[in-house]
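The next block is model-v5.txt, given as compact mmCIF, C-alpha atoms.
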# COMPACT_ATOMS: atom_id res chain seq x y z
CA MET A 1 0.22 4.02 -25.03
CA THR A 2 -2.80 2.90 -23.01
CA ILE A 3 -3.69 -0.72 -22.39
CA ASP A 4 -7.02 -0.27 -24.21
CA GLN A 5 -5.23 0.92 -27.36
CA PHE A 6 -2.80 -2.00 -27.44
CA ASN A 7 -3.55 -5.32 -29.15
CA PHE A 8 -1.67 -8.13 -27.40
CA ALA A 9 -2.44 -10.76 -30.11
CA GLY A 10 0.66 -12.89 -30.66
CA LYS A 11 2.65 -10.80 -28.18
CA LYS A 12 4.35 -11.79 -24.94
CA ALA A 13 3.56 -9.32 -22.17
CA ILE A 14 5.52 -9.10 -18.94
CA VAL A 15 3.30 -7.63 -16.26
CA ARG A 16 4.45 -6.31 -12.89
CA VAL A 17 1.68 -7.00 -10.40
CA ASP A 18 1.55 -6.67 -6.63
CA PHE A 19 0.81 -10.20 -5.45
CA ASN A 20 2.35 -9.54 -2.05
CA VAL A 21 -0.70 -11.14 -0.46
CA PRO A 22 -1.00 -12.15 3.21
CA LEU A 23 -0.57 -15.88 3.90
CA ASN A 24 -1.43 -17.87 7.00
CA GLU A 25 0.79 -20.49 8.67
CA GLU A 26 -0.29 -23.11 6.10
CA GLY A 27 0.68 -20.82 3.21
CA LYS A 28 -2.97 -20.14 2.30
CA ILE A 29 -4.01 -16.64 1.13
CA THR A 30 -6.08 -14.78 3.75
CA ASP A 31 -6.96 -11.77 1.57
CA ASP A 32 -6.89 -11.97 -2.24
CA THR A 33 -7.80 -8.30 -2.91
CA ARG A 34 -4.55 -7.69 -4.78
CA ILE A 35 -4.95 -10.70 -7.05
CA ARG A 36 -8.53 -9.75 -7.89
CA GLY A 37 -7.40 -6.17 -8.55
CA ALA A 38 -5.01 -7.26 -11.30
CA LEU A 39 -7.45 -9.57 -13.12
CA PRO A 40 -8.87 -7.04 -15.64
CA THR A 41 -5.37 -6.33 -16.97
CA LEU A 42 -4.28 -9.98 -17.06
CA LYS A 43 -7.53 -11.13 -18.67
CA LYS A 44 -7.38 -8.42 -21.36
CA ILE A 45 -3.96 -9.69 -22.46
CA LEU A 46 -5.17 -13.29 -22.64
CA ALA A 47 -8.45 -12.34 -24.35
CA ASP A 48 -6.49 -10.48 -27.05
CA GLY A 49 -4.52 -13.67 -27.75
CA GLY A 50 -1.34 -12.70 -25.95
CA SER A 51 0.80 -14.76 -23.58
CA LEU A 52 1.42 -13.61 -20.09
CA ILE A 53 4.49 -13.44 -17.88
CA ILE A 54 3.56 -12.32 -14.37
CA MET A 55 6.16 -10.97 -11.95
CA SER A 56 5.84 -9.82 -8.35
CA HIS A 57 7.60 -9.65 -5.02
CA MET A 58 6.41 -11.10 -1.74
CA GLY A 59 7.53 -9.97 1.70
CA LYS A 60 11.05 -8.80 2.49
CA PRO A 61 13.45 -11.69 1.82
CA LYS A 62 16.33 -9.16 1.62
CA GLY A 63 17.88 -10.49 -1.57
CA LYS A 64 18.02 -14.12 -0.43
CA VAL A 65 15.96 -17.17 -1.38
CA ASN A 66 13.48 -17.89 1.41
CA ALA A 67 10.78 -20.55 1.01
CA LYS A 68 8.47 -18.59 3.31
CA TYR A 69 8.20 -15.93 0.59
CA SER A 70 8.03 -18.20 -2.46
CA LEU A 71 5.35 -17.29 -5.00
CA SER A 72 4.96 -21.02 -5.69
CA GLN A 73 2.48 -20.90 -2.79
CA ILE A 74 0.03 -18.79 -4.82
CA VAL A 75 0.19 -20.59 -8.19
CA ASP A 76 -3.07 -22.48 -7.59
CA ALA A 77 -4.90 -19.35 -6.45
CA VAL A 78 -3.73 -17.36 -9.50
CA SER A 79 -4.71 -20.28 -11.80
CA ALA A 80 -8.18 -20.37 -10.23
CA ALA A 81 -8.60 -16.60 -10.51
CA LEU A 82 -7.54 -16.50 -14.17
CA GLY A 83 -9.30 -19.71 -15.14
CA VAL A 84 -6.19 -21.08 -16.89
CA PRO A 85 -3.30 -23.24 -15.63
CA VAL A 86 -0.35 -21.12 -14.52
CA GLN A 87 3.20 -22.37 -15.10
CA PHE A 88 5.89 -21.47 -12.58
CA ALA A 89 9.48 -20.35 -13.13
CA PRO A 90 11.47 -21.24 -9.97
CA ASP A 91 14.16 -18.64 -10.78
CA CYS A 92 12.96 -15.27 -12.11
CA ALA A 93 16.35 -14.48 -13.69
CA LYS A 94 16.65 -17.83 -15.49
CA ALA A 95 13.27 -18.11 -17.14
CA SER A 96 14.14 -17.28 -20.75
CA GLU A 97 13.46 -20.81 -22.08
CA GLN A 98 10.09 -21.06 -20.31
CA ALA A 99 9.15 -17.56 -21.51
CA ALA A 100 10.18 -18.32 -25.10
CA ALA A 101 8.08 -21.49 -25.13
CA LEU A 102 4.88 -19.73 -24.08
CA LYS A 103 2.02 -19.98 -26.57
CA PRO A 104 -0.85 -17.46 -26.87
CA GLY A 105 -3.20 -17.83 -23.91
CA GLU A 106 -0.52 -19.38 -21.68
CA VAL A 107 0.67 -17.93 -18.37
CA LEU A 108 4.01 -18.04 -16.56
CA LEU A 109 4.48 -16.78 -12.99
CA LEU A 110 8.05 -15.87 -12.07
CA GLU A 111 9.49 -16.61 -8.64
CA ASN A 112 9.81 -13.74 -6.13
CA LEU A 113 11.82 -10.89 -7.67
CA ARG A 114 13.23 -9.89 -4.29
CA PHE A 115 15.15 -13.17 -4.01
CA TYR A 116 17.65 -11.11 -6.02
CA PRO A 117 19.14 -8.00 -4.33
CA GLU A 118 19.29 -6.46 -7.82
CA GLU A 119 15.49 -6.00 -7.78
CA GLU A 120 15.66 -3.37 -5.02
CA GLY A 121 19.10 -2.18 -6.12
CA LYS A 122 20.49 -1.62 -2.65
CA PRO A 123 24.00 -2.75 -1.68
CA VAL A 124 23.88 -5.77 0.61
CA GLY A 125 25.96 -6.21 3.76
CA ILE A 126 27.38 -2.70 3.82
CA GLU A 127 26.25 0.29 5.86
CA LYS A 128 25.69 3.78 4.42
CA GLU A 129 28.39 5.13 6.74
CA ASP A 130 31.02 2.83 5.22
CA PRO A 131 33.48 4.71 2.93
CA ALA A 132 33.04 1.98 0.31
CA TYR A 133 29.23 2.38 0.25
CA GLU A 134 29.07 4.76 -2.73
CA GLU A 135 31.19 2.43 -4.87
CA ALA A 136 29.05 -0.55 -3.83
CA LYS A 137 25.93 1.44 -4.68
CA LYS A 138 27.25 2.25 -8.15
CA GLU A 139 28.11 -1.41 -8.77
CA MET A 140 24.64 -2.53 -7.57
CA LYS A 141 22.92 -0.01 -9.88
CA ALA A 142 24.81 -1.54 -12.84
CA ARG A 143 23.73 -5.02 -11.72
CA GLN A 144 20.16 -3.77 -11.36
CA LYS A 145 20.17 -2.61 -14.98
CA GLU A 146 21.37 -6.04 -16.14
CA PHE A 147 18.68 -7.75 -14.04
CA ALA A 148 15.98 -5.48 -15.53
CA LYS A 149 17.35 -6.14 -19.02
CA THR A 150 17.05 -9.91 -18.42
CA LEU A 151 13.42 -9.55 -17.31
CA ALA A 152 12.66 -7.32 -20.31
CA SER A 153 14.17 -9.87 -22.69
CA TYR A 154 11.35 -12.32 -21.94
CA ALA A 155 8.66 -10.18 -23.56
CA ASP A 156 7.58 -7.87 -26.37
CA CYS A 157 5.85 -5.36 -24.13
CA TYR A 158 5.74 -4.27 -20.49
CA VAL A 159 2.71 -3.48 -18.35
CA ASN A 160 3.00 -2.04 -14.84
CA ASP A 161 -0.09 -2.80 -12.79
CA ALA A 162 1.57 -2.75 -9.35
CA PHE A 163 0.51 0.50 -7.71
CA GLY A 164 1.59 -0.85 -4.32
CA THR A 165 5.24 -0.62 -5.44
CA ALA A 166 4.98 2.37 -7.78
CA HIS A 167 6.89 4.53 -5.27
CA ARG A 168 9.95 2.28 -5.56
CA LYS A 169 12.58 2.64 -8.28
CA HIS A 170 13.09 -1.09 -8.51
CA ALA A 171 14.22 -3.18 -11.48
CA SER A 172 10.73 -4.48 -12.23
CA THR A 173 8.78 -1.30 -11.45
CA ALA A 174 10.83 1.39 -13.18
CA VAL A 175 14.23 0.36 -14.61
CA ILE A 176 12.73 -2.30 -16.91
CA ALA A 177 10.71 0.40 -18.70
CA ASP A 178 13.95 1.73 -20.23
CA TYR A 179 14.12 -1.40 -22.40
CA PHE A 180 10.78 -0.77 -24.13
CA ASP A 181 9.79 2.09 -26.43
CA ALA A 182 6.81 4.32 -25.66
CA ASP A 183 4.48 2.16 -27.79
CA HIS A 184 5.34 -1.03 -25.89
CA LYS A 185 5.04 0.01 -22.25
CA MET A 186 1.86 1.02 -20.46
CA LEU A 187 -0.01 1.19 -17.18
CA GLY A 188 -2.46 -1.58 -16.39
CA TYR A 189 -6.13 -0.94 -15.60
CA LEU A 190 -5.53 -1.02 -11.86
CA MET A 191 -2.75 1.57 -12.08
CA GLU A 192 -4.92 3.80 -14.27
CA LYS A 193 -7.73 3.62 -11.70
CA GLU A 194 -5.33 4.34 -8.82
CA VAL A 195 -3.89 7.40 -10.57
CA GLN A 196 -7.42 8.65 -11.25
CA ALA A 197 -8.51 8.07 -7.64
CA VAL A 198 -5.55 10.04 -6.28
CA ASP A 199 -6.33 12.80 -8.77
CA ASN A 200 -9.93 12.89 -7.51
CA VAL A 201 -8.73 13.40 -3.95
CA LEU A 202 -6.01 15.93 -4.71
CA SER A 203 -7.03 17.87 -7.79
CA ASN A 204 -10.77 17.46 -7.97
CA ILE A 205 -11.68 18.13 -4.34
CA LYS A 206 -15.33 18.55 -3.50
CA ARG A 207 -15.72 20.15 -0.09
CA PRO A 208 -15.84 19.56 2.77
CA PHE A 209 -12.76 17.29 2.58
CA THR A 210 -12.14 14.99 5.58
CA ALA A 211 -8.96 12.94 5.90
CA ILE A 212 -8.61 10.22 8.53
CA MET A 213 -5.06 9.21 9.41
CA GLY A 214 -4.64 6.28 11.78
CA GLY A 215 -1.90 3.91 12.78
CA SER A 216 0.62 3.77 15.55
CA LYS A 217 3.20 6.39 14.56
CA VAL A 218 3.05 10.09 13.79
CA SER A 219 6.55 9.87 12.31
CA THR A 220 5.52 7.64 9.40
CA LYS A 221 2.62 9.94 8.47
CA ILE A 222 4.20 13.36 8.98
CA GLY A 223 4.80 14.08 5.27
CA ILE A 224 1.23 13.31 4.31
CA ILE A 225 -0.23 15.13 7.33
CA GLU A 226 1.68 18.29 6.39
CA ASN A 227 0.64 18.05 2.73
CA LEU A 228 -3.00 17.49 3.68
CA MET A 229 -3.01 20.53 5.97
CA ASP A 230 -3.27 22.74 2.88
CA LYS A 231 -6.11 20.71 1.41
CA VAL A 232 -8.46 19.36 4.08
CA ASP A 233 -11.27 20.92 6.08
CA ASN A 234 -11.26 18.19 8.75
CA LEU A 235 -8.29 16.07 9.81
CA ILE A 236 -8.92 13.10 12.09
CA LEU A 237 -5.79 11.66 13.73
CA CYS A 238 -6.50 8.35 15.44
CA GLY A 239 -5.06 4.98 16.37
CA GLY A 240 -1.86 4.70 18.35
CA MET A 241 -0.74 8.23 17.51
CA THR A 242 -3.62 9.49 19.72
CA TYR A 243 -1.42 8.94 22.78
CA THR A 244 1.59 10.84 21.42
CA PHE A 245 -0.73 13.86 21.09
CA ALA A 246 -2.32 13.25 24.50
CA LYS A 247 1.09 13.12 26.18
CA ALA A 248 2.35 16.17 24.25
CA LEU A 249 -0.61 18.10 25.69
CA GLY A 250 0.34 17.08 29.22
CA GLY A 251 -1.87 14.01 29.49
CA LYS A 252 -1.26 10.74 31.31
CA ILE A 253 -1.32 7.74 28.98
CA GLY A 254 -0.40 4.69 31.10
CA MET A 255 1.24 1.98 28.98
CA SER A 256 -0.20 3.31 25.70
CA ILE A 257 2.03 3.40 22.63
CA CYS A 258 3.83 6.74 22.31
CA GLU A 259 6.67 8.31 20.35
CA ASP A 260 8.37 10.27 23.09
CA ASP A 261 10.75 11.93 20.61
CA LYS A 262 7.80 13.28 18.59
CA LEU A 263 5.98 15.28 21.27
CA ASP A 264 7.20 18.61 19.85
CA LEU A 265 6.12 17.47 16.39
CA ALA A 266 2.63 16.71 17.73
CA LEU A 267 2.36 20.22 19.22
CA ASP A 268 3.60 21.66 15.93
CA ILE A 269 0.84 19.80 14.03
CA ILE A 270 -1.79 21.15 16.44
CA ALA A 271 -0.49 24.71 15.96
CA LYS A 272 -0.38 24.37 12.16
CA ALA A 273 -3.95 23.09 12.01
CA LYS A 274 -5.10 26.04 14.06
CA ALA A 275 -3.19 28.52 11.90
CA LYS A 276 -4.63 27.04 8.68
CA GLY A 277 -8.20 26.81 10.00
CA VAL A 278 -8.26 23.02 9.80
CA ASN A 279 -10.64 21.25 12.18
CA LEU A 280 -8.26 18.79 13.89
CA VAL A 281 -10.14 15.94 15.55
CA LEU A 282 -8.22 13.98 18.19
CA GLY A 283 -9.47 11.24 20.49
CA SER A 284 -11.05 12.53 23.71
CA ASP A 285 -11.74 9.12 25.25
CA CYS A 286 -10.52 5.59 24.63
CA VAL A 287 -11.14 1.95 25.38
CA ALA A 288 -8.19 0.97 27.55
CA ALA A 289 -7.08 -2.58 28.35
CA ASP A 290 -4.86 -4.07 31.05
CA ALA A 291 -3.04 -6.23 28.48
CA PHE A 292 -2.48 -6.31 24.72
CA SER A 293 -5.00 -9.07 24.17
CA ASN A 294 -8.53 -9.52 22.85
CA ASP A 295 -9.49 -11.04 26.21
CA ALA A 296 -8.03 -8.25 28.37
CA ASN A 297 -10.12 -6.39 30.93
CA THR A 298 -11.32 -3.09 29.50
CA MET A 299 -12.52 0.32 30.64
CA VAL A 300 -13.52 3.55 28.95
CA CYS A 301 -11.44 6.49 30.16
CA PRO A 302 -10.23 9.89 28.92
CA ALA A 303 -7.48 9.50 26.30
CA ASN A 304 -5.36 11.89 28.37
CA ASP A 305 -5.92 10.06 31.66
CA VAL A 306 -5.15 6.38 31.16
CA PRO A 307 -4.34 4.64 34.47
CA ASP A 308 -0.91 3.12 35.07
CA GLY A 309 -0.72 -0.46 33.80
CA TRP A 310 -3.44 0.16 31.18
CA GLU A 311 -3.11 1.04 27.48
CA GLY A 312 -5.48 2.61 24.99
CA LEU A 313 -6.42 0.10 22.27
CA ASP A 314 -9.46 1.71 20.63
CA ALA A 315 -11.42 4.95 20.32
CA GLY A 316 -14.04 5.53 23.03
CA PRO A 317 -17.75 6.34 22.47
CA GLU A 318 -17.36 10.16 22.56
CA THR A 319 -14.46 9.98 20.12
CA ARG A 320 -16.40 7.73 17.75
CA LYS A 321 -19.22 10.26 17.66
CA ALA A 322 -16.80 13.13 16.98
CA PHE A 323 -15.18 11.14 14.15
CA ALA A 324 -18.57 10.30 12.61
CA ASP A 325 -19.67 13.96 12.77
CA ALA A 326 -16.53 15.07 10.89
CA ILE A 327 -17.05 12.39 8.23
CA LYS A 328 -20.79 12.33 7.54
CA GLY A 329 -21.03 15.80 6.01
CA ALA A 330 -17.90 15.40 3.86
CA LYS A 331 -17.90 15.25 0.06
CA THR A 332 -14.29 14.01 -0.29
CA ILE A 333 -12.92 11.43 2.17
CA LEU A 334 -9.51 9.80 2.50
CA TRP A 335 -8.95 7.04 5.07
CA ASN A 336 -5.54 5.60 5.86
CA GLY A 337 -5.02 3.65 9.07
CA PRO A 338 -7.36 2.15 11.68
CA ALA A 339 -8.62 3.79 14.89
CA GLY A 340 -7.65 0.89 17.12
CA VAL A 341 -6.30 -2.65 17.27
CA PHE A 342 -8.97 -3.85 14.85
CA GLU A 343 -7.34 -7.28 14.54
CA PHE A 344 -8.84 -7.97 17.99
CA ASP A 345 -12.64 -8.23 17.66
CA ASN A 346 -13.19 -6.43 20.97
CA PHE A 347 -11.33 -3.35 19.74
CA THR A 348 -12.97 -2.74 16.36
CA ALA A 349 -15.64 -0.21 17.43
CA GLY A 350 -13.59 2.91 16.54
CA SER A 351 -12.64 1.67 13.08
CA ARG A 352 -16.18 0.43 12.48
CA ALA A 353 -17.62 3.85 13.42
CA ILE A 354 -15.32 5.41 10.81
CA ALA A 355 -16.31 2.82 8.19
CA ASP A 356 -20.03 3.29 8.90
CA ALA A 357 -19.77 7.08 8.63
CA ILE A 358 -17.78 6.81 5.37
CA ALA A 359 -20.41 4.43 3.92
CA GLU A 360 -23.18 6.88 4.86
CA ALA A 361 -21.34 9.85 3.34
CA THR A 362 -20.59 7.84 0.17
CA ALA A 363 -24.26 6.93 -0.16
CA ASN A 364 -24.95 10.69 0.02
CA GLY A 365 -22.61 11.42 -2.89
CA ALA A 366 -19.14 11.73 -1.33
CA PHE A 367 -16.02 10.35 -3.06
CA SER A 368 -14.28 8.05 -0.57
CA LEU A 369 -10.78 6.66 -1.06
CA ILE A 370 -9.57 3.95 1.32
CA GLY A 371 -5.87 3.15 1.22
CA GLY A 372 -3.16 1.44 3.19
CA GLY A 373 -3.19 -2.25 4.06
CA ASP A 374 -4.80 -1.92 7.47
CA SER A 375 -7.66 0.31 6.35
CA VAL A 376 -8.36 -2.04 3.45
CA ALA A 377 -8.26 -5.02 5.82
CA CYS A 378 -10.71 -3.14 8.08
CA ILE A 379 -13.18 -2.47 5.28
CA ASN A 380 -12.95 -6.09 4.14
CA LYS A 381 -13.33 -7.42 7.70
CA PHE A 382 -16.52 -5.38 8.07
CA GLY A 383 -17.78 -6.55 4.66
CA MET A 384 -18.13 -2.94 3.46
CA ALA A 385 -15.90 -2.87 0.36
CA ASP A 386 -18.91 -2.16 -1.84
CA LYS A 387 -19.99 0.80 0.31
CA VAL A 388 -17.01 3.07 -0.54
CA SER A 389 -15.94 4.71 -3.81
CA TYR A 390 -12.47 3.27 -4.23
CA ILE A 391 -10.13 0.96 -2.36
CA SER A 392 -6.47 1.53 -3.14
CA THR A 393 -4.08 -1.40 -3.32
CA GLY A 394 -1.15 0.83 -2.40
CA GLY A 395 -0.03 1.74 1.10
CA GLY A 396 3.25 3.64 0.81
CA ALA A 397 2.61 4.44 -2.85
CA LEU A 398 -0.74 6.03 -2.06
CA LEU A 399 0.76 8.08 0.77
CA GLU A 400 3.62 9.33 -1.41
CA ALA A 401 1.22 10.21 -4.25
CA ILE A 402 -0.92 12.17 -1.80
CA GLU A 403 2.23 13.83 -0.44
CA GLY A 404 2.61 15.14 -4.00
CA LYS A 405 5.66 13.06 -4.88
CA VAL A 406 6.27 11.75 -8.41
CA LEU A 407 6.08 7.93 -8.34
CA PRO A 408 8.95 6.30 -10.28
CA GLY A 409 6.75 3.42 -11.49
CA ILE A 410 4.38 5.88 -13.17
CA ALA A 411 7.06 8.29 -14.38
CA ALA A 412 8.91 5.40 -16.09
CA ILE A 413 5.87 4.69 -18.26
CA LYS A 414 4.73 8.23 -18.86
CA GLY A 415 8.25 9.54 -19.47
CA GLU A 416 7.90 12.27 -16.85
Conversion result in structure tokens:
Amino acid sequence: MTIDQFNFAGKKAIVRVDFNVPLNEEGKITDDTRIRGALPTLKKILADGGSLIIMSHMGKPKGKVNAKYSLSQIVDAVSAALGVPVQFAPDCAKASEQAAALKPGEVLLLENLRFYPEEEGKPVGIEKEDPAYEEAKKEMKARQKEFAKTLASYADCYVNDAFGTAHRKHASTAVIADYFDADHKMLGYLMEKEVQAVDNVLSNIKRPFTAIMGGSKVSTKIGIIENLMDKVDNLILCGGMTYTFAKALGGKIGMSICEDDKLDLALDIIAKAKAKGVNLVLGSDCVAADAFSNDANTMVCPANDVPDGWEGLDAGPETRKAFADAIKGAKTILWNGPAGVFEFDNFTAGSRAIADAIAEATANGAFSLIGGGDSVACINKFGMADKVSYISTGGGALLEAIEGKVLPGIAAIKGE
């Protein structure tokens, strides 16, 4: 069943969204991309004459109630975005009366699902090495099913529109789907668009294909890097991982971030790229600083010759040019992870050079997919969201989809 085919009139719909939005110290939302992304789905249900139960997680409260992660903080913002007052259920597992009382056009937001350990379904307070772990895991899986059953009992149909958590087999993203038949569970508009965007990058590649992988660690990106090796023409590796590669090749990196236990892996990636004919683009120079601060003293130096007491915090001018050259001629572009510490205004030049080149290529007909929280934050910071083809709301989910993994949140709906 697709969301367009379904008529929500007189029905209660429980919708899993990803409202794990960033908040400042005052509890105010600093980036509402994820809320805006879910609006088409939520508004369709209300426009049809349905009532809406919204559920989400926020942060990592580890199965305990924590006011810092309460979704009560976003009720006003969700009300404003939807244009209707949003009721709040302070306990997501004890909301049956509030859900039952909902009239068509009314909205109920459930408290953070992850205040219950059953949402993630992992045993609490016991290590994997413990002999009793397997038994605890089995017991938690049974509790997870009960928790999902409770959530399902609030509604007539289930919509998953949370691509950001689609790679997790959680109660609200996958297990709950077991309690609805095929005609009463569906993907939301955002999920449909995400699945299509991934398909465009993986199955409908127009060449040349350039992928840009940034961030601090090679280890967290190794699966996707290896999968992309068979697909891309150009692979740009930037951000903090630059210095793991520089050191692996015998360079001197000062205080720069580095995974010393991944130097062999870095050399292996270089060798694989060469063997597969992939143009691997690594940073040749960097903007180094004498402290991790926006106000630090800076210098441009080779990425493989950073002085002692200094650390590379952004791509240098030569590197930016090399990145732009590998991007501008591309017809398919994937960007995940910044080229520097873009949160500091003085270290945004590398990420901005990537964004500018992607915008230019997109204007010339390329399909560009931006994914992962930091890359999305970059694009938004530069005010360039409308200059790229698609911005994914999923970080880990996008990476796993591009690695070729089946996402439980999608499989649960499609019955794969």
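Using only C-alpha atoms, the shortest contact distance between A:Asp308 and any of A:Gly125, A:Gly254, A:Gly37, A:Gly404 is found at A:Gly254.
Across A:Val107, A:Leu263, A:Leu71, A:Ala273, the tightest approach to A:Gly251 is made by A:Leu263 when counting all atoms listed in the file.
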A straight line from atom CA of A:Leu151 to atom CA of A:Ala47 spans 23.1 Å
Closest atom pairs, residues of stretch 200-270 of chain A within 10 Å of stretch 320-325 of chain A, all atoms listed in the file, as a Markdown table:
| residue | atom | partner | partner_atom | distance |
| --- | --- | --- | --- | --- |
| A:Thr210 | CA | A:Phe323 | CA | 9.9 |
| A:Ile212 | CA | A:Phe323 | CA | 8.7 |
| A:Asn234 | CA | A:Phe323 | CA | 9.7 |
| A:Leu235 | CA | A:Phe323 | CA | 9.5 |
| A:Ile236 | CA | A:Phe323 | CA | 6.9 |
| A:Leu237 | CA | A:Phe323 | CA | 9.4 |
| A:Cys238 | CA | A:Phe323 | CA | 9.2 |
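Of note, atom CA of A:Ile54 and atom CA of A:Ile176 are spaced 13.8 Å apart.
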Applying 7 Å and all atoms listed in the file, which residues near stretch 200-205 of chain A remain after dropping the ones on its own chain fewer than 3 positions away? List them as a PyMOL selection string.
chain A and resi 196-197+332+402
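Closest approach to A:Ile358 among A:Val195, A:Leu82, A:Val376, A:Ala330 is made by A:Ala330 (distances from all atoms listed in the file).
Of the residues under consideration (A:Pro208, A:Asp264, A:Thr393, A:Ser293), A:Thr393 shows the shortest atom-to-atom contact distance to A:Ile35 when counting only C-alpha atoms.
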Which value, in Å to one decimal, gives the distance between atom CA of A:Ala171 and atom CA of A:Gln144?
6.0 Å
Residue among A:Cys286, A:Val300, A:Ile126, A:Ala326 lying closest to A:Gly312, counting only C-alpha atoms:
A:Cys286
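Residues with at least one atom no more than 10 Å from (-20.0, 10.4, -6.0), using only C-alpha atoms, are A:Lys206, A:Lys331, A:Thr332, A:Ala361, A:Thr362, A:Ala363, A:Asn364, A:Gly365, A:Ala366, A:Phe367, A:Ser368, A:Val388, A:Ser389.
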Can I get the selection written as a PDB file, in the frame of the given file, with C-alpha atoms?
ATOM      1  CA  LYS A 206     -15.330  18.550  -3.500  1.00  0.00           C
ATOM      2  CA  LYS A 331     -17.900  15.250   0.060  1.00  0.00           C
ATOM      3  CA  THR A 332     -14.290  14.010  -0.290  1.00  0.00           C
ATOM      4  CA  ALA A 361     -21.340   9.850   3.340  1.00  0.00           C
ATOM      5  CA  THR A 362     -20.590   7.840   0.170  1.00  0.00           C
ATOM      6  CA  ALA A 363     -24.260   6.930  -0.160  1.00  0.00           C
ATOM      7  CA  ASN A 364     -24.950  10.690   0.020  1.00  0.00           C
ATOM      8  CA  GLY A 365     -22.610  11.420  -2.890  1.00  0.00           C
ATOM      9  CA  ALA A 366     -19.140  11.730  -1.330  1.00  0.00           C
ATOM     10  CA  PHE A 367     -16.020  10.350  -3.060  1.00  0.00           C
ATOM     11  CA  SER A 368     -14.280   8.050  -0.570  1.00  0.00           C
ATOM     12  CA  VAL A 388     -17.010   3.070  -0.540  1.00  0.00           C
ATOM     13  CA  SER A 389     -15.940   4.710  -3.810  1.00  0.00           C
TER      14      SER A 389
END
Residue nearest A:Gly50 - candidates A:Gly350, A:Pro85, A:Pro338, A:Gly10, atoms counted: only C-alpha atoms:
A:Gly10
Give me stretch 297-308 of chain A with N, CA, C and O atoms filled in, as a compact mmCIF listing (two decimals), in the frame of the given file.
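Saved to out30.txt:
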# COMPACT_ATOMS: atom_id res chain seq x y z
N ASN A 297 -9.09 -7.22 30.28
CA ASN A 297 -10.12 -6.39 30.93
C ASN A 297 -10.10 -5.02 30.28
O ASN A 297 -9.04 -4.52 29.90
N THR A 298 -11.27 -4.39 30.16
CA THR A 298 -11.32 -3.09 29.50
C THR A 298 -12.06 -2.06 30.35
O THR A 298 -12.86 -2.41 31.23
N MET A 299 -11.78 -0.80 30.04
CA MET A 299 -12.52 0.32 30.64
C MET A 299 -12.51 1.47 29.65
O MET A 299 -11.61 1.59 28.82
N VAL A 300 -13.52 2.31 29.72
CA VAL A 300 -13.52 3.55 28.95
C VAL A 300 -12.98 4.64 29.86
O VAL A 300 -13.40 4.78 31.01
N CYS A 301 -12.00 5.40 29.35
CA CYS A 301 -11.44 6.49 30.16
C CYS A 301 -11.00 7.62 29.23
O CYS A 301 -10.92 7.43 28.01
N PRO A 302 -10.74 8.81 29.78
CA PRO A 302 -10.23 9.89 28.92
C PRO A 302 -8.91 9.47 28.26
O PRO A 302 -8.10 8.79 28.89
N ALA A 303 -8.71 9.87 27.01
CA ALA A 303 -7.48 9.50 26.30
C ALA A 303 -6.25 10.15 26.95
O ALA A 303 -5.13 9.69 26.75
N ASN A 304 -6.49 11.21 27.72
CA ASN A 304 -5.36 11.89 28.37
C ASN A 304 -5.28 11.56 29.86
O ASN A 304 -4.64 12.26 30.64
N ASP A 305 -5.98 10.49 30.26
CA ASP A 305 -5.92 10.06 31.66
C ASP A 305 -6.09 8.55 31.75
O ASP A 305 -7.05 8.03 32.32
N VAL A 306 -5.12 7.84 31.15
CA VAL A 306 -5.15 6.38 31.16
C VAL A 306 -4.38 5.90 32.40
O VAL A 306 -3.25 6.32 32.62
N PRO A 307 -5.01 5.07 33.23
CA PRO A 307 -4.34 4.64 34.47
C PRO A 307 -3.05 3.87 34.21
O PRO A 307 -2.90 3.24 33.15
N ASP A 308 -2.16 3.90 35.17
CA ASP A 308 -0.91 3.12 35.07
C ASP A 308 -1.26 1.64 34.88
O ASP A 308 -2.21 1.13 35.49
